[in-house]
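Trainee: What follows is the file protein_35.cif, containing mmCIF, C-alpha atoms:
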```cif
data_target
loop_
_atom_site.label_atom_id
_atom_site.label_comp_id
_atom_site.auth_asym_id
_atom_site.auth_seq_id
_atom_site.Cartn_x
_atom_site.Cartn_y
_atom_site.Cartn_z
CA MET C 1 17.50 11.98 -9.87
CA LEU C 2 14.68 11.56 -12.39
CA SER C 3 17.24 10.77 -15.08
CA TYR C 4 18.18 7.72 -13.03
CA PHE C 5 14.76 6.27 -13.77
CA LEU C 6 14.48 7.46 -17.34
CA THR C 7 17.79 5.88 -18.35
CA THR C 8 16.84 2.49 -16.95
CA GLY C 9 18.00 -0.27 -19.27
CA GLN C 10 20.41 1.84 -21.32
CA GLY C 11 23.68 0.53 -19.90
CA LEU C 12 25.58 0.97 -16.69
CA SER C 13 28.74 2.96 -16.25
CA PRO C 14 31.50 0.86 -14.65
CA ARG C 15 31.83 3.56 -11.98
CA ARG C 16 28.66 3.55 -9.92
CA LYS C 17 27.70 6.67 -8.01
CA PHE C 18 26.94 6.52 -4.29
CA TYR C 19 23.23 7.09 -4.97
CA GLN C 20 23.16 3.96 -7.15
CA ASP C 21 23.49 1.81 -4.05
CA ASN C 22 20.60 0.27 -2.12
CA ARG C 23 22.27 1.22 1.15
CA PHE C 24 21.95 4.87 0.20
CA VAL C 25 18.25 4.36 -0.55
CA LEU C 26 17.82 2.79 2.88
CA PHE C 27 19.72 5.73 4.40
CA LEU C 28 17.26 8.14 2.72
CA TRP C 29 14.26 6.14 3.91
CA VAL C 30 15.50 6.10 7.50
CA LEU C 31 16.44 9.79 7.34
CA ILE C 32 12.94 10.68 6.11
CA THR C 33 11.44 8.58 8.89
CA LEU C 34 13.55 10.26 11.58
CA ILE C 35 12.88 13.76 10.24
CA PHE C 36 9.14 13.32 10.52
CA VAL C 37 9.33 11.62 13.89
CA ILE C 38 11.30 14.61 15.18
CA ASP C 39 8.78 16.93 13.53
CA SER C 40 5.97 15.12 15.34
CA TRP C 41 7.83 15.43 18.64
CA ILE C 42 8.40 19.16 18.17
CA THR C 43 4.87 19.98 17.01
CA ASN C 44 3.25 17.47 19.38
CA ARG C 45 1.37 16.19 16.35
CA TYR C 46 1.04 12.43 16.50
CA ASN C 47 -2.70 11.93 16.72
CA ASN C 48 -2.74 8.86 14.49
CA TYR C 49 -0.21 7.06 16.65
CA LEU C 50 -2.28 7.91 19.74
CA ILE C 51 -5.30 6.29 18.07
CA PHE C 52 -3.27 3.16 17.39
CA GLU C 53 -1.62 2.75 20.79
CA ASN C 54 -4.93 3.42 22.53
CA THR C 55 -6.44 0.35 20.84
CA PHE C 56 -4.17 -1.86 22.95
CA ARG C 57 -5.36 -0.15 26.15
CA ASN C 58 -8.96 -0.54 25.02
CA LEU C 59 -8.40 -4.22 24.29
CA LEU C 60 -6.94 -4.75 27.77
CA HIS C 61 -9.93 -3.06 29.43
CA GLU C 62 -12.45 -4.43 26.88
CA ARG C 63 -13.64 -1.00 25.81
CA SER C 64 -14.85 -0.31 22.28
CA LEU C 65 -12.03 -0.29 19.77
CA TYR C 66 -14.01 2.01 17.47
CA ALA C 67 -15.54 4.65 19.73
CA ASN C 68 -14.28 8.22 19.88
CA TYR C 69 -11.99 9.05 22.80
CA PRO C 70 -11.60 12.86 22.67
CA ALA C 71 -9.63 12.86 25.92
CA TYR C 72 -6.88 10.88 24.18
CA HIS C 73 -7.11 11.72 20.46
CA ASP C 74 -9.23 13.01 17.60
CA ASP C 75 -11.02 10.69 15.16
CA ALA C 76 -11.40 6.94 15.72
CA ASN C 77 -9.74 3.63 14.91
CA HIS C 78 -10.69 1.79 11.70
CA TYR C 79 -8.28 -1.16 11.82
CA GLY C 80 -9.29 -4.73 12.64
CA PRO C 81 -9.21 -6.07 16.22
CA VAL C 82 -5.95 -7.97 15.66
CA PHE C 83 -4.22 -4.63 15.06
CA SER C 84 -4.56 -3.89 18.78
CA VAL C 85 -2.30 -6.90 19.38
CA LEU C 86 0.20 -5.84 16.71
CA ILE C 87 0.59 -2.39 18.24
CA ALA C 88 1.13 -3.80 21.76
CA PRO C 89 4.98 -3.91 21.67
CA PHE C 90 5.02 -0.20 20.79
CA ALA C 91 2.21 0.88 23.14
CA ILE C 92 4.12 -0.27 26.23
CA PHE C 93 6.66 2.52 25.72
CA HIS C 94 6.24 6.23 26.33
CA ASN C 95 4.50 7.77 23.32
CA TRP C 96 7.55 9.52 21.91
CA ILE C 97 9.61 6.31 22.03
CA GLY C 98 6.69 4.22 20.76
CA LEU C 99 6.19 6.57 17.81
CA LEU C 100 9.87 6.37 16.86
CA LEU C 101 9.89 2.57 16.97
CA TRP C 102 6.54 2.39 15.14
CA ASN C 103 7.65 4.51 12.19
CA LEU C 104 11.01 2.74 11.96
CA PHE C 105 9.22 -0.62 12.04
CA ASN C 106 7.03 0.38 9.08
CA CYS C 107 9.98 1.85 7.20
CA PHE C 108 12.21 -1.21 7.60
CA LEU C 109 9.39 -3.69 6.95
CA LEU C 110 8.52 -2.12 3.60
CA PHE C 111 12.16 -1.72 2.59
CA LYS C 112 12.83 -5.36 3.42
CA ALA C 113 9.75 -6.43 1.46
CA VAL C 114 10.99 -4.55 -1.62
CA GLN C 115 14.32 -6.38 -1.31
CA THR C 116 12.50 -9.72 -1.59
CA LEU C 117 11.06 -8.83 -5.00
CA PRO C 118 12.43 -10.94 -7.89
CA LEU C 119 14.15 -7.91 -9.42
CA ASN C 120 17.78 -7.10 -9.89
CA GLU C 121 19.56 -4.62 -7.65
CA ASP C 122 19.08 -1.61 -9.91
CA GLN C 123 15.39 -2.28 -10.27
CA LYS C 124 14.99 -2.41 -6.48
CA ILE C 125 16.88 0.87 -6.19
CA ALA C 126 14.54 2.47 -8.73
CA VAL C 127 11.48 1.25 -6.80
CA GLY C 128 13.00 2.68 -3.61
CA TYR C 129 13.46 6.12 -5.14
CA ILE C 130 10.02 6.15 -6.75
CA ALA C 131 8.42 5.43 -3.38
CA ILE C 132 10.00 8.39 -1.57
CA PRO C 133 7.22 11.03 -2.05
CA CYS C 134 4.62 8.61 -0.68
CA LEU C 135 6.97 7.46 2.07
CA ILE C 136 7.10 11.07 3.25
CA GLU C 137 3.30 11.21 3.44
CA SER C 138 3.16 7.87 5.26
CA MET C 139 5.79 8.78 7.86
CA LEU C 140 4.26 12.22 8.32
CA ASN C 141 0.96 10.59 9.24
CA GLN C 142 2.38 7.71 11.34
CA GLN C 143 0.16 5.28 9.45
CA PHE C 144 0.45 1.51 9.06
CA ASN C 145 0.11 1.81 5.28
CA ALA C 146 3.80 1.10 4.65
CA GLY C 147 3.45 -2.05 6.75
CA ALA C 148 0.26 -3.02 4.93
CA GLY C 149 2.06 -2.61 1.60
CA ALA C 150 4.90 -4.77 2.88
CA LEU C 151 2.47 -7.56 3.80
CA MET C 152 1.03 -7.49 0.28
CA VAL C 153 4.49 -7.69 -1.31
CA LEU C 154 5.53 -10.52 1.01
CA SER C 155 2.31 -12.38 0.21
CA TYR C 156 3.64 -12.73 -3.33
CA THR C 157 7.38 -13.01 -2.83
CA LEU C 158 7.19 -15.75 -0.20
CA LEU C 159 4.82 -17.72 -2.40
CA ASP C 160 7.26 -17.22 -5.26
CA LYS C 161 9.93 -18.76 -3.00
CA ASP C 162 7.58 -21.71 -2.37
CA ARG C 163 6.92 -20.68 1.24
CA GLY C 164 3.15 -20.90 1.08
CA ILE C 165 2.73 -21.14 4.83
CA TRP C 166 4.15 -17.63 5.37
CA SER C 167 2.56 -16.20 2.24
CA ALA C 168 -0.83 -17.33 3.54
CA LEU C 169 -0.07 -15.72 6.92
CA PHE C 170 0.62 -12.34 5.33
CA VAL C 171 -2.50 -12.52 3.14
CA VAL C 172 -4.64 -13.26 6.20
CA LEU C 173 -2.89 -10.75 8.48
CA GLY C 174 -3.18 -7.97 5.89
CA THR C 175 -6.87 -8.74 5.45
CA PHE C 176 -7.66 -8.86 9.17
CA ILE C 177 -5.89 -5.54 9.76
CA LYS C 178 -6.92 -3.35 6.84
CA LEU C 179 -8.95 -5.46 4.36
CA TYR C 180 -6.71 -4.37 1.47
CA GLY C 181 -4.71 -7.56 1.89
CA ILE C 182 -7.63 -9.68 0.67
CA VAL C 183 -6.69 -9.00 -2.95
CA GLY C 184 -3.57 -11.06 -2.28
CA LEU C 185 -5.81 -14.12 -2.58
CA VAL C 186 -5.27 -13.95 -6.35
CA PHE C 187 -1.70 -15.15 -5.74
CA PHE C 188 -3.37 -18.54 -5.21
CA PHE C 189 -3.12 -18.99 -8.98
CA PHE C 190 0.68 -18.85 -8.70
CA ALA C 191 0.93 -21.37 -5.84
CA LYS C 192 2.83 -24.55 -6.67
CA ASN C 193 0.86 -26.49 -4.04
CA LYS C 194 -2.63 -25.03 -4.16
CA PRO C 195 -4.37 -27.41 -1.69
CA SER C 196 -1.67 -26.71 0.90
CA PHE C 197 -1.98 -22.94 0.34
CA ILE C 198 -5.76 -23.11 0.86
CA LEU C 199 -5.26 -25.13 4.05
CA TRP C 200 -2.81 -22.57 5.44
CA LEU C 201 -5.19 -19.72 4.57
CA VAL C 202 -7.93 -21.41 6.59
CA LEU C 203 -5.67 -22.26 9.54
CA TRP C 204 -4.13 -18.78 9.71
CA SER C 205 -7.60 -17.20 9.49
CA VAL C 206 -8.64 -19.12 12.59
CA VAL C 207 -5.42 -18.21 14.43
CA ILE C 208 -5.60 -14.49 13.57
CA PHE C 209 -9.30 -14.33 14.39
CA LEU C 210 -8.69 -15.88 17.82
CA LEU C 211 -5.44 -14.05 18.60
CA PRO C 212 -7.04 -11.05 20.43
CA MET C 213 -8.78 -13.59 22.69
CA LEU C 214 -5.43 -14.18 24.39
CA ILE C 215 -5.98 -10.77 25.97
CA ALA C 216 -9.74 -10.22 25.96
CA SER C 217 -12.86 -12.35 26.28
CA PRO C 218 -14.28 -14.17 23.23
CA ASP C 219 -17.60 -12.30 23.42
CA TYR C 220 -15.81 -8.95 23.43
CA VAL C 221 -13.59 -9.90 20.48
CA VAL C 222 -16.48 -11.23 18.38
CA HIS C 223 -18.45 -8.05 19.10
CA SER C 224 -15.38 -6.02 18.11
CA TYR C 225 -15.41 -7.60 14.65
CA VAL C 226 -19.04 -6.53 14.26
CA ASP C 227 -18.10 -3.03 15.41
CA TRP C 228 -15.25 -2.99 12.89
CA LYS C 229 -17.64 -3.77 10.05
CA ASN C 230 -19.98 -1.00 11.18
CA SER C 231 -17.14 1.52 11.50
CA LEU C 232 -15.99 0.83 7.94
CA MET C 233 -19.53 1.14 6.58
CA ASN C 234 -20.04 4.43 8.41
CA LYS C 235 -16.72 5.80 7.18
CA ASN C 236 -17.60 4.85 3.61
CA MET C 237 -20.97 6.56 3.94
CA VAL C 238 -19.37 9.77 5.22
CA ASN C 239 -16.81 9.84 2.39
CA VAL C 240 -19.35 9.18 -0.36
CA LEU C 241 -21.94 11.67 0.89
CA GLY C 242 -19.44 14.47 1.28
CA GLY C 243 -18.72 14.52 4.98
CA GLY C 244 -15.17 13.47 4.17
CA ILE C 245 -12.79 13.78 1.22
CA ASP C 246 -12.90 10.85 -1.19
CA ILE C 247 -9.66 10.77 -3.20
CA SER C 248 -10.28 7.35 -4.73
CA ILE C 249 -10.82 7.11 -8.48
CA MET C 250 -14.52 6.88 -7.63
CA GLY C 251 -14.31 10.18 -5.79
CA PHE C 252 -12.42 11.72 -8.70
CA PHE C 253 -15.15 10.88 -11.20
CA ARG C 254 -17.90 11.93 -8.81
CA GLU C 255 -16.23 15.32 -8.39
CA LEU C 256 -15.42 15.60 -12.10
CA PHE C 257 -19.06 15.10 -13.08
CA ASN C 258 -20.40 16.76 -9.92
CA GLU C 259 -22.55 13.73 -9.25
CA LYS C 260 -22.36 12.37 -5.73
CA LYS C 261 -24.99 9.72 -6.30
CA ILE C 262 -23.00 7.50 -8.66
CA SER C 263 -22.96 4.24 -6.74
CA ASN C 264 -19.86 2.46 -5.55
CA PHE C 265 -21.30 -0.74 -6.99
CA LEU C 266 -20.98 0.56 -10.55
CA PHE C 267 -17.33 1.54 -10.07
CA LEU C 268 -16.45 -1.62 -8.18
CA SER C 269 -18.13 -3.86 -10.75
CA LEU C 270 -16.21 -2.29 -13.63
CA GLY C 271 -12.99 -2.25 -11.63
CA ALA C 272 -13.35 -5.90 -10.61
CA LEU C 273 -13.97 -6.95 -14.21
CA LEU C 274 -10.81 -5.19 -15.33
CA PHE C 275 -8.88 -6.59 -12.36
CA ILE C 276 -9.68 -10.22 -13.24
CA LEU C 277 -9.31 -9.72 -17.01
CA PRO C 278 -5.60 -10.73 -17.17
CA PHE C 279 -6.41 -14.10 -15.62
CA ILE C 280 -7.81 -15.28 -18.95
CA ASN C 281 -4.13 -15.87 -19.83
CA ILE C 282 -3.82 -19.13 -17.92
CA SER C 283 -0.70 -20.06 -19.87
CA HIS C 284 1.06 -17.00 -18.42
CA PHE C 285 0.60 -17.89 -14.76
CA LYS C 286 4.16 -19.19 -14.46
CA LYS C 287 5.70 -16.23 -16.28
CA ARG C 288 7.62 -13.93 -13.95
CA ARG C 289 6.71 -10.76 -15.84
CA PHE C 290 3.01 -11.65 -15.75
CA GLN C 291 3.17 -12.33 -12.02
CA LEU C 292 4.85 -8.98 -11.38
CA MET C 293 2.18 -7.18 -13.39
CA ILE C 294 -0.46 -8.88 -11.25
CA LEU C 295 1.46 -7.84 -8.11
CA SER C 296 1.47 -4.27 -9.43
CA SER C 297 -2.28 -4.45 -10.02
CA VAL C 298 -2.84 -5.92 -6.54
CA MET C 299 -0.97 -2.99 -4.97
CA ILE C 300 -2.81 -0.29 -6.95
CA PHE C 301 -6.35 -1.63 -7.31
CA PRO C 302 -7.57 -1.56 -3.66
CA ILE C 303 -6.31 2.00 -3.16
CA LEU C 304 -8.00 3.28 -6.32
CA PHE C 305 -11.32 1.70 -5.40
CA SER C 306 -11.45 2.48 -1.68
CA THR C 307 -13.41 5.48 -0.48
CA GLY C 308 -11.27 5.35 2.66
CA ALA C 309 -8.06 6.02 0.71
CA GLU C 310 -5.98 8.97 1.92
CA ASP C 311 -2.89 10.62 0.48
CA CYS C 312 -0.75 8.59 2.91
CA THR C 313 -2.39 5.36 1.67
CA PHE C 314 -0.72 5.69 -1.72
CA ILE C 315 2.55 4.34 -0.29
CA ILE C 316 0.95 0.97 -1.07
CA ALA C 317 0.07 1.89 -4.65
CA ILE C 318 3.42 3.55 -5.36
CA ILE C 319 5.23 0.24 -4.84
CA GLY C 320 2.97 -1.22 -7.53
CA VAL C 321 3.85 1.72 -9.75
CA GLY C 322 7.54 1.06 -9.16
CA VAL C 323 7.16 -2.61 -10.12
CA TRP C 324 5.30 -1.59 -13.28
CA TYR C 325 7.93 1.01 -14.12
CA VAL C 326 10.96 -1.28 -13.99
CA LYS C 327 9.16 -3.89 -16.11
CA GLU C 328 7.55 -1.49 -18.61
CA ARG C 329 9.16 -1.70 -22.06
CA ASN C 330 7.45 1.31 -23.63
CA GLU C 331 9.88 4.16 -22.90
CA LEU C 332 7.35 6.85 -23.85
CA MET C 333 4.88 5.50 -21.32
CA LYS C 334 7.58 5.59 -18.66
CA LYS C 335 8.76 9.09 -19.49
CA VAL C 336 5.24 10.51 -19.49
CA LEU C 337 3.35 8.67 -16.77
CA LEU C 338 5.95 8.50 -14.01
CA PRO C 339 6.87 12.22 -13.82
CA VAL C 340 3.20 13.22 -13.91
CA LEU C 341 2.38 10.72 -11.20
CA LEU C 342 5.23 11.80 -8.91
CA VAL C 343 4.35 15.49 -9.26
CA ILE C 344 0.68 14.92 -8.48
CA THR C 345 1.53 12.52 -5.65
CA CYS C 346 3.35 15.37 -3.89
CA ASN C 347 -0.11 16.97 -3.50
CA PHE C 348 1.04 20.51 -4.25
CA PRO C 349 -2.51 21.98 -4.14
CA LEU C 350 -2.85 20.90 -0.50
CA LEU C 351 0.69 22.00 0.40
CA LEU C 352 0.61 25.38 -1.33
CA PHE C 353 -3.09 26.29 -1.24
CA PRO C 354 -4.66 24.31 1.63
CA VAL C 355 -7.79 26.46 1.94
CA PHE C 356 -8.50 26.29 -1.81
CA ALA C 357 -7.73 22.57 -2.00
CA LYS C 358 -10.04 21.64 0.88
CA SER C 359 -12.88 23.66 -0.60
CA HIS C 360 -12.33 22.14 -4.08
CA PRO C 361 -12.20 18.34 -3.58
CA LEU C 362 -11.40 17.71 -7.25
CA SER C 363 -7.97 19.27 -6.72
CA LEU C 364 -7.34 16.57 -4.09
CA ALA C 365 -9.07 13.66 -5.81
CA VAL C 366 -6.94 14.18 -8.94
CA ILE C 367 -4.14 12.36 -7.09
CA SER C 368 -5.79 9.07 -8.06
CA LEU C 369 -5.92 9.81 -11.82
CA PRO C 370 -2.29 9.03 -12.79
CA TYR C 371 -2.42 5.88 -10.66
CA PHE C 372 -5.55 4.89 -12.54
CA LEU C 373 -3.78 5.42 -15.87
CA VAL C 374 -0.82 3.32 -14.71
CA TRP C 375 -3.21 0.62 -13.52
CA LEU C 376 -4.96 0.54 -16.90
CA ARG C 377 -1.55 0.15 -18.54
CA VAL C 378 -0.73 -2.69 -16.14
CA ILE C 379 -4.00 -4.46 -16.98
CA TYR C 380 -3.33 -4.02 -20.69
CA SER C 381 0.21 -5.35 -20.36
CA ALA C 382 -0.87 -8.36 -18.31
CA THR C 383 -3.66 -9.16 -20.74
CA ASN C 384 -1.58 -8.72 -23.88
CA ASN C 385 -0.35 -12.04 -25.29
CA ARG C 386 2.97 -10.50 -26.30
CA LEU C 387 3.86 -10.18 -22.64
CA SER C 388 5.51 -13.58 -22.56
CA PHE C 389 7.92 -12.98 -25.45
CA ALA C 390 11.59 -12.95 -24.39
CA GLU C 391 10.37 -13.44 -20.83
CA GLU C 392 13.23 -15.46 -19.48
CA THR C 393 15.98 -13.89 -21.56
CA GLU C 394 15.44 -10.27 -20.62
CA PRO C 395 18.88 -8.82 -19.84
CA GLU C 396 19.64 -7.40 -16.46
CA MET C 397 18.23 -3.91 -16.15
CA VAL C 398 20.96 -1.40 -15.50
CA ALA C 399 20.94 2.26 -14.57
CA ALA C 400 23.10 5.20 -15.52
CA LEU C 401 22.82 8.81 -14.47
CA ILE C 402 23.33 11.47 -17.13
CA ASP C 403 25.77 13.99 -15.72
#
```
Could you rewrite the structure in this file as structure tokens?
Mentor:
Amino acid sequence: MLSYFLTTGQGLSPRRKFYQDNRFVLFLWVLITLIFVIDSWITNRYNNYLIFENTFRNLLHERSLYANYPAYHDDANHYGPVFSVLIAPFAIFHNWIGLLLWNLFNCFLLFKAVQTLPLNEDQKIAVGYIAIPCLIESMLNQQFNAGAGALMVLSYTLLDKDRGIWSALFVVLGTFIKLYGIVGLVFFFFAKNKPSFILWLVLWSVVIFLLPMLIASPDYVVHSYVDWKNSLMNKNMVNVLGGGIDISIMGFFRELFNEKKISNFLFLSLGALLFILPFINISHFKKRRFQLMILSSVMIFPILFSTGAEDCTFIIAIIGVGVWYVKERNELMKKVLLPVLLVITCNFPLLLFPVFAKSHPLSLAVISLPYFLVWLRVIYSATNNRLSFAEETEPEMVAALID
């Protein structure tokens, strides 16, 4: 299967194989989703889903959305108050039905988002295959990360289709659920009608902020936003000080140098500077390749620089990697970085040697390193003036499998 990626752009055989069809990729995604739903049913292991569906019950009864509820589940919720409204259609079902519908919803939403990318069919297929290892992690953990990634993709693609009203909605919704979506604000630079886009951002922010008030009192909802902020700050503190496992690029360097006291501010400052560096190329803002490199950066950056990142969170970043891969022209970069990234993404230390891996955080934090290298390449490509050459005349990317 790897040869499918590595032969990208080298010519397509007139006889396509069944696995060179987007419907087969969708079949694999759904199959993976169903396998891990069934696994959760059999093992009775769906704690994360129980956390999510319990937020709707807590909203109804105006209980804390961020307290621990050991009678129902381990750990606590860290999503924004509006998430308790989003989960409502699933929470009304019995847990095993709700879990099935929840995972399928995330699977289909991300797949649909990938299909909206301004890529040709073979490029979308390649992105779909590249995402599979992280899709497994995401479905295994019943997380919303696939949905969050979809919102980030749609924030760009709908704006690209001049549908700023819906692009603004997905930027705001992604931000109010998981904060990662806030980086989608940089797509403002690509908006054809910037004043209108700003207006929709403001209006949707008001709507999303008030939405939980349809179910609960205003005082309770406002207090829930304060609680959300505190829960995120506490979680960050635990991860940085060693109570949790920090697999962000910040955690990787802290473990590498055995220095827990390196501040987040230093990392975030350097990361933010690199993130905004490509925007010096104002003349490139209308170039499709430049926009896709920025989308790739938007998908990877918040995962790399979040102490709350988990292995299942990289389903967001892997879509950015896929976009980079199908647009990368340096074949050596593609043949080296992608295989290394996919192998490390599978998290073999944790799978094969769980006791060792949990007692040696560096073996877990290394997952962020290849993503970091890809991100640096994306930043370089987006900043490089040669990016715009042959922009509009690039031939259709095709794929062939070496038998």
Trainee: Any chance you could work out the residue set of the PyMOL selection byres ((chain C and resi 256) around 10) here, as an MDAnalysis selection string?
Mentor: chainID C and resid 250:255 257:260 361:363 365:366
Trainee: Could you write those residues out with C-alpha atoms, as an mmCIF file, keeping the file's coordinate frame?
Mentor:
```cif
data_model
loop_
_atom_site.group_PDB
_atom_site.id
_atom_site.type_symbol
_atom_site.label_atom_id
_atom_site.label_comp_id
_atom_site.auth_asym_id
_atom_site.auth_seq_id
_atom_site.Cartn_x
_atom_site.Cartn_y
_atom_site.Cartn_z
ATOM 1 C CA MET C 250 -14.520 6.880 -7.630
ATOM 2 C CA GLY C 251 -14.310 10.180 -5.790
ATOM 3 C CA PHE C 252 -12.420 11.720 -8.700
ATOM 4 C CA PHE C 253 -15.150 10.880 -11.200
ATOM 5 C CA ARG C 254 -17.900 11.930 -8.810
ATOM 6 C CA GLU C 255 -16.230 15.320 -8.390
ATOM 7 C CA PHE C 257 -19.060 15.100 -13.080
ATOM 8 C CA ASN C 258 -20.400 16.760 -9.920
ATOM 9 C CA GLU C 259 -22.550 13.730 -9.250
ATOM 10 C CA LYS C 260 -22.360 12.370 -5.730
ATOM 11 C CA PRO C 361 -12.200 18.340 -3.580
ATOM 12 C CA LEU C 362 -11.400 17.710 -7.250
ATOM 13 C CA SER C 363 -7.970 19.270 -6.720
ATOM 14 C CA ALA C 365 -9.070 13.660 -5.810
ATOM 15 C CA VAL C 366 -6.940 14.180 -8.940
#
```
Trainee: Give me the result of the PyMOL selection byres ((chain C and resi 200) around 9) on this file, residue by residue, as an MDAnalysis selection string.
Mentor: chainID C and resid 164:169 195:199 201:205
Trainee: So which residues get picked by the PyMOL selection byres ((chain C and resi 28-43) around 10) here, written as a ChimeraX atom specification?
Mentor: /C:19,22-27,44-47,95-97,99-108,111,128-129,131-133,135-142
Trainee: Separation of CA of Thr313 (chain C) and CA of Leu159 (chain C), in Å?
Mentor: 24.5 Å
Trainee: Do a neighbour search on Tyr69 (chain C) at 12 Å with only C-alpha atoms, toss out local chain neighbours closer than 6 positions, and write the hits as a list in words.
Mentor: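 Selected residues are Asn47, Leu50, Ile51, Phe52, Asn54, Thr55, Arg57, Asn58, Arg63, Asp75, Ala76 and Asn77 of chain C.
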Trainee: Which residues, written as a PyMOL selection string, have at least one atom at most 7 Å from region 309-311 of chain C, with only C-alpha atoms counted and residues fewer than 3 positions away on the same chain left out?
Mentor: chain C and resi 137+247-248+303+306+314
Trainee: Between C:Val226, C:Leu341, C:Leu376, C:Leu268, which has the minimum distance to Ser297 (chain C) (counting only C-alpha atoms)?
Mentor: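 Residue with the minimum atom-to-atom distance to Ser297 (chain C): C:Leu376.
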Trainee: Restricting the calculation to only C-alpha atoms, which member of C:Val82, C:Leu373, C:Ala67, C:Ile245 is positioned closest to Ile215 (chain C)?
Mentor: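 Nearest to Ile215 (chain C): C:Val82.
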Trainee: With distances taken over all atoms listed in the file, which of C:Leu185, C:Asn230, C:Asn145, C:Asn193 is nearest to Arg163 (chain C)?
Mentor: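 Looking at the shortest contact to Arg163 (chain C), the residue is C:Asn193.
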Trainee: State, in Å with one decimal place, the distance from CA of Phe144 (chain C) to CA of Gly181 (chain C).
Mentor: 12.7 Å
Trainee: Excluding Phe56 (chain C) and any residue of its chain fewer than 3 positions from it, enumerate the residues within 9 Å of it, using only C-alpha atoms, and give them as number ranges by chain.
Mentor: C: 52-53, 59-61, 65, 83-88, 91
Trainee: When you draw a straight line from CA of Gly308 (chain C) to CA of Tyr49 (chain C), how long is it in Å?
Mentor: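 Rounded to one decimal, the two atoms are 17.9 Å apart.
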Trainee: Restricting the calculation to all atoms listed in the file, which member of C:Tyr380, C:Thr307, C:Asn236, C:Met299 is positioned closest to Val153 (chain C)?
Mentor: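 With all atoms listed in the file as the atom set, the closest residue is C:Met299.
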Trainee: Kindly list the centre and edge lengths in Å, rounded to one decimal, for the axis-aligned box that covers all listed atoms of region 167-173 of chain C plus 8 Å on each of its six sides, as JSON.
Mentor:
```
{"center_x": -1.0, "center_y": -14.0, "center_z": 5.4, "size_x": 23.2, "size_y": 22.6, "size_z": 22.2}
```
